[in-house]
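Coordinates from query29.txt are shown below (compact mmCIF, C-alpha atoms and all ligand atoms).
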```txt
# COMPACT_ATOMS: atom_id res chain seq x y z
CA MET A 14 52.79 14.47 1.21
CA SER A 15 56.01 16.22 0.24
CA ASP A 16 55.04 19.22 2.37
CA ALA A 17 54.64 17.08 5.48
CA PRO A 18 56.54 18.47 8.47
CA PRO A 19 59.56 16.50 9.74
CA ASN A 20 58.68 13.67 12.12
CA ALA A 21 59.94 15.39 15.28
CA SER A 22 57.52 18.26 14.86
CA ARG A 23 54.45 16.24 13.92
CA PRO A 24 51.50 17.32 16.05
CA PRO A 25 49.45 14.56 17.70
CA LEU A 26 46.25 13.38 15.98
CA LYS A 27 43.81 10.85 17.35
CA VAL A 28 41.94 8.94 14.64
CA LEU A 29 38.61 7.44 15.69
CA LEU A 30 38.08 4.57 13.27
CA ALA A 31 34.39 3.76 12.87
CA GLY A 32 33.42 0.10 12.72
CA PRO A 33 31.74 -1.28 10.73
CA ARG A 34 32.91 0.68 7.70
CA GLY A 35 33.70 -0.01 4.06
CA PHE A 36 32.73 -3.03 1.98
CA CYS A 37 29.40 -4.72 2.67
CA ALA A 38 28.41 -8.25 1.68
CA GLY A 39 26.57 -7.05 -1.44
CA VAL A 40 29.56 -5.13 -2.78
CA ASP A 41 31.93 -7.97 -1.97
CA ARG A 42 29.67 -10.40 -3.86
CA ALA A 43 29.33 -8.10 -6.89
CA ILE A 44 33.10 -7.74 -7.23
CA ARG A 45 33.59 -11.50 -6.82
CA ILE A 46 31.05 -12.10 -9.59
CA VAL A 47 33.03 -9.97 -12.05
CA GLU A 48 36.33 -11.55 -10.99
CA GLU A 49 34.92 -15.08 -11.22
CA ALA A 50 33.38 -14.34 -14.63
CA LEU A 51 36.75 -13.07 -15.88
CA ALA A 52 38.49 -16.19 -14.49
CA ARG A 53 35.98 -18.58 -16.08
CA PHE A 54 35.16 -16.94 -19.37
CA GLY A 55 38.17 -14.72 -19.98
CA ALA A 56 38.24 -11.04 -20.92
CA PRO A 57 36.34 -9.09 -21.89
CA VAL A 58 33.45 -9.39 -19.48
CA TYR A 59 31.04 -6.49 -19.87
CA VAL A 60 29.52 -4.78 -16.84
CA ARG A 61 26.43 -2.62 -17.14
CA HIS A 62 26.99 0.51 -15.02
CA GLU A 63 29.77 0.84 -12.38
CA ILE A 64 29.61 -2.53 -10.60
CA VAL A 65 29.76 -0.54 -7.34
CA HIS A 66 30.11 3.23 -6.99
CA ASN A 67 33.88 3.42 -6.55
CA ARG A 68 36.40 4.40 -9.24
CA PHE A 69 39.26 2.57 -7.52
CA VAL A 70 37.30 -0.69 -7.68
CA VAL A 71 36.13 -0.06 -11.24
CA GLU A 72 39.65 0.74 -12.48
CA GLY A 73 41.01 -2.38 -10.76
CA LEU A 74 38.47 -4.54 -12.60
CA GLU A 75 39.10 -2.72 -15.89
CA ALA A 76 42.77 -3.62 -15.55
CA LYS A 77 41.73 -7.29 -15.31
CA GLY A 78 39.59 -7.09 -18.47
CA ALA A 79 36.16 -5.84 -17.39
CA VAL A 80 34.53 -3.36 -19.77
CA PHE A 81 32.03 -0.98 -18.21
CA VAL A 82 29.09 0.24 -20.31
CA GLU A 83 25.95 2.23 -19.53
CA ASP A 84 23.85 0.73 -22.32
CA LEU A 85 23.43 -2.91 -23.32
CA ALA A 86 23.60 -1.78 -26.96
CA GLU A 87 27.37 -1.37 -26.41
CA VAL A 88 27.75 -5.10 -25.61
CA PRO A 89 28.48 -7.37 -28.59
CA GLU A 90 25.97 -10.17 -29.23
CA GLY A 91 26.74 -13.38 -27.33
CA ALA A 92 29.06 -11.70 -24.77
CA HIS A 93 28.91 -12.05 -20.97
CA VAL A 94 27.39 -9.08 -19.18
CA VAL A 95 27.13 -8.46 -15.44
CA PHE A 96 24.37 -6.31 -13.94
CA SER A 97 25.59 -4.05 -11.12
CA ALA A 98 24.88 -4.45 -7.39
CA HIS A 99 22.23 -1.69 -7.53
CA GLY A 100 19.80 -3.79 -9.57
CA VAL A 101 18.21 -3.21 -12.95
CA PRO A 102 14.68 -2.63 -14.31
CA LYS A 103 12.97 -5.76 -15.65
CA SER A 104 13.46 -4.49 -19.19
CA VAL A 105 17.25 -4.95 -18.93
CA PRO A 106 17.44 -8.77 -18.56
CA GLN A 107 14.67 -9.02 -21.18
CA ASP A 108 16.74 -6.90 -23.53
CA ALA A 109 19.85 -8.97 -22.78
CA LYS A 110 17.96 -12.15 -23.63
CA ARG A 111 16.70 -10.70 -26.88
CA ARG A 112 20.29 -9.85 -27.84
CA ASN A 113 21.58 -13.33 -26.88
CA LEU A 114 23.82 -11.90 -24.15
CA ILE A 115 24.87 -14.19 -21.29
CA ALA A 116 23.72 -12.25 -18.24
CA LEU A 117 25.13 -12.56 -14.73
CA ASP A 118 23.13 -10.73 -12.09
CA ALA A 119 25.20 -9.05 -9.35
CA THR A 120 22.17 -7.28 -7.87
CA CYS A 121 22.58 -7.33 -4.09
CA PRO A 122 20.16 -9.90 -2.60
CA LEU A 123 18.87 -7.16 -0.29
CA VAL A 124 17.91 -5.06 -3.30
CA THR A 125 16.30 -8.08 -4.94
CA LYS A 126 14.26 -8.54 -1.76
CA VAL A 127 12.82 -5.01 -2.23
CA HIS A 128 12.06 -5.83 -5.88
CA ARG A 129 10.09 -8.91 -4.83
CA GLU A 130 8.22 -6.95 -2.13
CA ALA A 131 7.19 -4.34 -4.70
CA GLU A 132 5.97 -7.08 -7.03
CA ARG A 133 3.98 -8.72 -4.22
CA HIS A 134 2.27 -5.45 -3.34
CA HIS A 135 1.46 -4.82 -6.99
CA ALA A 136 0.04 -8.34 -7.39
CA ARG A 137 -2.30 -7.60 -4.45
CA GLY A 138 -3.51 -4.46 -6.17
CA ARG A 139 -1.63 -1.96 -3.99
CA HIS A 140 -0.06 1.20 -5.31
CA VAL A 141 3.57 1.42 -4.13
CA LEU A 142 5.09 4.56 -2.61
CA LEU A 143 8.85 4.17 -3.01
CA ILE A 144 10.96 6.27 -0.65
CA GLY A 145 14.23 7.11 -2.37
CA HIS A 146 16.23 9.55 -4.46
CA ALA A 147 15.13 10.38 -7.99
CA GLY A 148 17.59 9.26 -10.61
CA HIS A 149 19.57 6.92 -8.35
CA VAL A 150 20.30 3.73 -10.24
CA GLU A 151 18.79 1.53 -7.49
CA VAL A 152 15.55 3.55 -7.58
CA ILE A 153 15.40 3.24 -11.38
CA GLY A 154 15.82 -0.53 -10.97
CA THR A 155 13.14 -0.86 -8.30
CA MET A 156 10.62 1.32 -10.14
CA GLY A 157 11.34 -0.73 -13.24
CA GLN A 158 10.06 -3.91 -11.59
CA LEU A 159 6.48 -2.70 -12.04
CA PRO A 160 4.54 -1.22 -14.95
CA ALA A 161 4.67 2.55 -15.46
CA GLY A 162 2.36 4.35 -13.03
CA ALA A 163 2.38 1.56 -10.41
CA VAL A 164 4.99 3.31 -8.23
CA THR A 165 5.16 6.88 -6.92
CA LEU A 166 8.53 8.12 -5.74
CA ILE A 167 8.63 9.95 -2.40
CA GLU A 168 11.87 11.83 -1.83
CA ASP A 169 11.23 13.70 1.41
CA VAL A 170 8.77 14.55 4.16
CA ALA A 171 7.19 17.35 2.08
CA GLN A 172 6.34 14.88 -0.68
CA ALA A 173 5.02 12.38 1.89
CA ARG A 174 2.68 15.12 3.17
CA ALA A 175 1.59 16.15 -0.31
CA VAL A 176 1.08 12.84 -2.14
CA GLN A 177 -2.55 12.20 -3.15
CA PRO A 178 -2.87 8.53 -4.14
CA ALA A 179 -5.94 7.51 -6.15
CA ASP A 180 -6.88 4.87 -3.55
CA PRO A 181 -5.50 5.82 -0.11
CA HIS A 182 -6.82 2.53 1.37
CA ASN A 183 -4.79 0.36 -0.97
CA LEU A 184 -1.19 1.40 -0.53
CA ALA A 185 2.20 -0.03 0.33
CA PHE A 186 5.60 1.52 0.79
CA ALA A 187 9.13 0.33 0.09
CA THR A 188 12.47 2.13 0.38
CA GLN A 189 15.85 2.45 -1.25
CA THR A 190 18.37 0.39 0.78
CA THR A 191 20.94 3.14 1.34
CA LEU A 192 18.94 6.01 2.83
CA SER A 193 19.40 7.94 6.05
CA VAL A 194 17.76 5.84 8.78
CA ASP A 195 16.51 8.94 10.61
CA ASP A 196 15.13 10.78 7.56
CA THR A 197 13.38 7.64 6.37
CA ALA A 198 11.77 7.04 9.77
CA GLU A 199 10.27 10.55 9.57
CA ILE A 200 8.92 9.96 6.07
CA VAL A 201 7.45 6.57 7.03
CA ALA A 202 5.82 8.12 10.11
CA VAL A 203 4.10 10.75 7.94
CA LEU A 204 2.84 8.10 5.50
CA GLN A 205 1.57 5.86 8.31
CA GLN A 206 -0.18 8.75 9.96
CA ARG A 207 -1.84 9.87 6.71
CA PHE A 208 -2.60 6.34 5.46
CA PRO A 209 -3.08 4.07 8.50
CA ALA A 210 -3.76 1.01 6.32
CA ILE A 211 -0.50 1.34 4.35
CA ASP A 212 1.40 -1.95 4.10
CA GLY A 213 5.16 -2.27 4.15
CA PRO A 214 8.19 -3.58 6.01
CA LYS A 215 8.29 -3.31 9.81
CA ARG A 216 10.44 -0.14 9.63
CA GLU A 217 11.94 0.31 6.16
CA ASP A 218 14.12 -1.58 3.67
CA ILE A 219 17.40 0.10 4.61
CA CYS A 220 20.02 -2.66 4.63
CA TYR A 221 22.06 -3.85 7.59
CA ALA A 222 25.26 -2.34 6.15
CA THR A 223 23.81 1.16 5.75
CA THR A 224 22.25 1.00 9.23
CA ASN A 225 25.43 -0.21 10.91
CA ARG A 226 27.72 2.30 9.15
CA GLN A 227 25.44 5.17 10.15
CA ALA A 228 25.35 3.95 13.77
CA ALA A 229 29.15 3.74 13.83
CA VAL A 230 29.53 7.28 12.45
CA LYS A 231 27.09 8.55 15.07
CA ALA A 232 29.30 6.99 17.74
CA ILE A 233 32.38 8.96 16.63
CA ALA A 234 30.81 12.20 15.36
CA ALA A 235 30.48 14.22 18.56
CA ARG A 236 33.99 13.23 19.71
CA SER A 237 35.57 14.38 16.43
CA ASP A 238 36.71 17.82 15.29
CA LEU A 239 36.38 16.57 11.73
CA VAL A 240 34.84 13.42 10.26
CA VAL A 241 36.29 12.09 7.01
CA VAL A 242 34.20 9.66 4.98
CA ILE A 243 35.90 7.80 2.16
CA GLY A 244 33.53 7.20 -0.73
CA ALA A 245 32.36 8.38 -4.12
CA PRO A 246 30.18 11.43 -4.65
CA ASN A 247 27.65 9.21 -6.49
CA SER A 248 27.55 6.65 -3.64
CA SER A 249 24.27 7.14 -1.78
CA ASN A 250 25.37 5.44 1.42
CA SER A 251 28.64 7.43 1.52
CA LEU A 252 26.80 10.74 1.08
CA ARG A 253 24.44 9.79 3.88
CA LEU A 254 27.38 8.96 6.19
CA ARG A 255 28.76 12.48 5.76
CA GLU A 256 25.34 14.01 6.53
CA VAL A 257 24.79 11.72 9.52
CA ALA A 258 28.19 12.75 10.94
CA GLU A 259 27.28 16.44 10.85
CA ARG A 260 23.83 15.88 12.29
CA ALA A 261 25.27 13.75 15.06
CA GLY A 262 27.51 16.56 16.26
CA ALA A 263 30.67 16.64 14.14
CA PRO A 264 31.64 20.30 13.60
CA ARG A 265 32.73 19.37 10.05
CA ALA A 266 32.42 16.30 7.85
CA VAL A 267 33.92 15.78 4.40
CA LEU A 268 33.65 13.11 1.72
CA ILE A 269 36.87 12.20 -0.07
CA ARG A 270 37.53 9.67 -2.82
CA ARG A 271 41.22 9.16 -2.05
CA ALA A 272 43.68 10.22 0.66
CA ALA A 273 45.34 12.82 -1.57
CA GLU A 274 42.15 14.91 -1.43
CA LEU A 275 42.96 15.62 2.22
CA ALA A 276 45.53 18.09 0.90
CA GLY A 277 42.57 20.37 0.16
CA VAL A 278 40.96 19.94 3.61
CA GLU A 279 41.76 22.32 6.48
CA LEU A 280 43.36 20.16 9.16
CA ALA A 281 44.76 22.93 11.39
CA GLY A 282 43.22 22.66 14.85
CA VAL A 283 41.99 19.10 14.31
CA ALA A 284 43.06 17.04 17.32
CA THR A 285 40.56 14.20 16.83
CA LEU A 286 39.57 12.99 13.37
CA GLY A 287 36.75 10.51 12.84
CA LEU A 288 37.23 8.17 9.89
CA SER A 289 34.75 5.95 8.07
CA ALA A 290 34.19 4.56 4.58
CA GLY A 291 31.07 3.93 2.52
CA ALA A 292 29.96 0.41 1.63
CA SER A 293 31.63 0.57 -1.78
CA ALA A 294 35.03 1.80 -0.53
CA PRO A 295 37.71 -0.86 0.01
CA GLU A 296 39.75 -1.02 3.22
CA VAL A 297 42.95 -0.27 1.29
CA LEU A 298 41.68 3.31 0.88
CA VAL A 299 41.25 3.59 4.66
CA GLU A 300 44.82 2.35 5.14
CA GLU A 301 46.05 4.80 2.53
CA THR A 302 44.31 7.65 4.39
CA ILE A 303 45.81 6.71 7.75
CA ALA A 304 49.25 6.51 6.12
CA TRP A 305 48.73 9.96 4.56
CA LEU A 306 47.76 11.40 7.94
CA GLY A 307 50.75 9.63 9.50
CA ALA A 308 53.10 11.62 7.29
CA CYS A 309 51.76 14.88 8.76
CA PHE A 310 50.75 13.89 12.31
CA ALA A 311 51.78 11.58 15.13
CA VAL A 312 48.70 9.40 14.67
CA THR A 313 47.13 7.16 17.28
CA VAL A 314 44.16 5.06 16.16
CA GLU A 315 41.21 4.12 18.35
CA ASP A 316 38.74 1.59 16.97
CA VAL A 317 35.15 2.47 17.79
CA VAL A 318 33.15 -0.63 16.90
CA VAL A 319 29.39 -0.54 17.43
CA THR A 320 28.67 -4.02 16.08
CA GLU A 321 30.37 -6.94 14.33
CA GLU A 322 29.18 -8.12 10.91
CA ASP A 323 29.42 -11.67 9.62
CA ILE A 324 27.05 -11.57 6.64
CA THR A 325 28.18 -13.05 3.33
CA PHE A 326 26.22 -13.72 0.15
CA ARG A 327 26.71 -16.70 -2.14
CA LEU A 328 27.60 -16.29 -5.79
CA PRO A 329 24.92 -17.07 -8.40
CA ALA A 330 24.59 -20.80 -9.09
CA SER A 331 26.11 -20.38 -12.57
CA LEU A 332 29.39 -19.22 -11.00
CA SER A 333 29.57 -21.31 -7.85
CA ALA A 334 29.43 -24.80 -9.37
S1 LIG B 1 24.84 -1.25 0.73
FE1 LIG B 1 23.32 -2.77 1.42
S2 LIG B 1 21.92 -3.07 -0.30
FE2 LIG B 1 23.77 -2.04 -1.10
S3 LIG B 1 25.07 -3.71 -1.80
FE3 LIG B 1 25.65 -3.30 0.33
S4 LIG B 1 24.40 -4.75 1.55
FE4 LIG B 1 23.49 -4.62 -0.49
```
Step by step, read the file and then write its structure as structure tokens.
Ligand code: SF4
Amino acid sequence: MSDAPPNASRPPLKVLLAGPRGFCAGVDRAIRIVEEALARFGAPVYVRHEIVHNRFVVEGLEAKGAVFVEDLAEVPEGAHVVFSAHGVPKSVPQDAKRRNLIALDATCPLVTKVHREAERHHARGRHVLLIGHAGHVEVIGTMGQLPAGAVTLIEDVAQARAVQPADPHNLAFATQTTLSVDDTAEIVAVLQQRFPAIDGPKREDICYATTNRQAAVKAIAARSDLVVVIGAPNSSNSLRLREVAERAGAPRAVLIRRAAELAGVELAGVATLGLSAGASAPEVLVEETIAWLGACFAVTVEDVVVTEEDITFRLPASLSA
């Protein structure tokens, strides 16, 4: 910011602010669960995996006494442990119980819904094709709801065309909640065409927040010289927002964690900048980015809101009494 030009010479910059953007109801609930656990039980409260994929959020909770671990073995016997918003395989709560840990489940209710769907399909004898990204923590959690071999992961259209299920007449599909709406529709169409009897949700399991944020980015993309998405490189929904922006007509789209990263982004020639944030990025990072831009440009902000959201999720019963 020190190399910002003096105010009088700041060139104009229009910022198209996508709405909805940023925190979703599942992320908000997960953070509240950790905060409420800290308030009730005192520090430390252990959290398995980043509660949501955002370092700023994680560091804020660490400062309040949360301790983030990847493995339950790192949690001392009898301690409180929170499971992240992405969900966990069935083995994790079982392991926690065995080790006398006091578990608090911050899995987003919309992820839990996919878990229950997968279980229902399995109980009816259907093999589940899960559309999602290999290695993503939500996919690991969803696959871990069923015994090994009961789920086949489908990552793209090519895999949807190639998959050879043992019983093509007894299939169901489910999806990760944070995928590209358009890519997923293509994959589902291939599966439905190859396996007309396949069961599954009406369209997919992509959550309202992912759908709305992608629609809002589409609304600003073609009007922008550059789209900036605030989010973490391991945040699936943030990565998809950047891709959606480019596909929807933005000449360039970048993902940044914090405003300071804009110092490494070519802004010369950008008259209109689209701005959004992934579902795990707090609004304070959007404000920080607009302030950073304001030091270099004469910024005017236009809100482009495609829909309003009023969804909230209740805390688990053990924390709301
Ligand atoms: S992005 Fe969707 S599924 Fe993930 S926590 Fe938010 S509301 Fe839940």
Surrounding residues of Ser248 of chain A excluding itself and chain neighbours under 2 positions, 10 Å, only C-alpha atoms, as a ChimeraX atom specification: /A:65-67,149,191,244-246,250-253,291-294
Compute the set of protein, DNA and RNA residues whose minimum atom distance to ligand LIG 1 (chain B) is at most 10 Å, using all atoms listed in the file, and state it as an MDAnalysis selection string. chainID A and resid 35:43 64:65 97:100 119:127 151 189:192 218:224 226 248:251 291:293 324:326
Write out as a list of chain:residue names which residues come within 8 Å of Ile211 of chain A when counting only C-alpha atoms, dropping same-chain ones fewer than 5 positions away.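 With the cut-off at 8 Å, the set is A:His182, A:Asn183, A:Leu184, A:Ala185, A:Phe186, A:Leu204, A:Gln205.
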Residues near segment 76-83 of chain A, cut-off 8 Å, only C-alpha atoms, skip fewer than 5 positions along chain, as a PyMOL selection string: chain A and resi 47+51+55-63+88
May I have the residues within 12 Å of Arg260 of chain A as a list in words, using only C-alpha atoms and disregarding those fewer than 3 positions away in the same chain? Ser193, Asp195, Asp196, Gln227, Val230, Lys231, Ala232, Ile233, Ala234, Ala235, Val240, Arg253, Leu254, Arg255, Glu256, Val257, Ala263, Pro264, Arg265 and Ala266 of chain A
Of the residues A:Cys309, A:Ala109, A:Ala163, A:Val94, which is the one nearest to Gly138 of chain A, using all atoms listed in the file?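 Checking each of A:Cys309, A:Ala109, A:Ala163, A:Val94 against Gly138 of chain A, counting all atoms listed in the file, the winner is A:Ala163.
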Quick one: residues within 8 Å of segment 115-118 of chain A, all atoms listed in the file, excluding same-chain residues fewer than 5 positions away - as a compact mmCIF listing (two decimals) with C-alpha atoms, in the coordinates of the input?
```txt
# COMPACT_ATOMS: atom_id res chain seq x y z
CA ILE A 46 31.05 -12.10 -9.59
CA GLY A 91 26.74 -13.38 -27.33
CA ALA A 92 29.06 -11.70 -24.77
CA HIS A 93 28.91 -12.05 -20.97
CA VAL A 94 27.39 -9.08 -19.18
CA VAL A 95 27.13 -8.46 -15.44
CA PHE A 96 24.37 -6.31 -13.94
CA SER A 97 25.59 -4.05 -11.12
CA PRO A 106 17.44 -8.77 -18.56
CA ALA A 109 19.85 -8.97 -22.78
CA LYS A 110 17.96 -12.15 -23.63
CA PRO A 329 24.92 -17.07 -8.40
```
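Rounded to one decimal, atom CA of Phe310 of chain A and atom CA of Arg23 of chain A lie 4.7 Å from each other.
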Under the rule that only C-alpha atoms are counted, which of A:Asp84, A:Arg133, A:Ala175, A:Asp180 is the nearest residue to Leu159 of chain A?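 Once distances to Leu159 of chain A are computed over only C-alpha atoms, the minimum belongs to A:Arg133.
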Could you jot down the atom CA of Arg129 of chain A to atom CA of Val176 of chain A separation for me, Å, one decimal place?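 About the pair atom CA of Arg129 of chain A and atom CA of Val176 of chain A: they are 23.7 Å apart.
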Kindly provide, as a list of chain:residue names, the polymer residues lying within 9 Å of (25.8, -7.0, 12.6), counting all atoms listed in the file and using the coordinates exactly as they appear in the file.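 Residues with an atom at most 9 Å from (25.8, -7.0, 12.6): A:Pro33, A:Tyr221, A:Ala222, A:Asn225, A:Val319, A:Thr320, A:Glu321, A:Glu322, A:Asp323, A:Ile324.
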So the first atom is atom CA of Gly157 of chain A and the second is atom CA of His134 of chain A; what is the distance between them in Å, to one decimal place?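 Here the two named atoms are 14.2 Å from each other.
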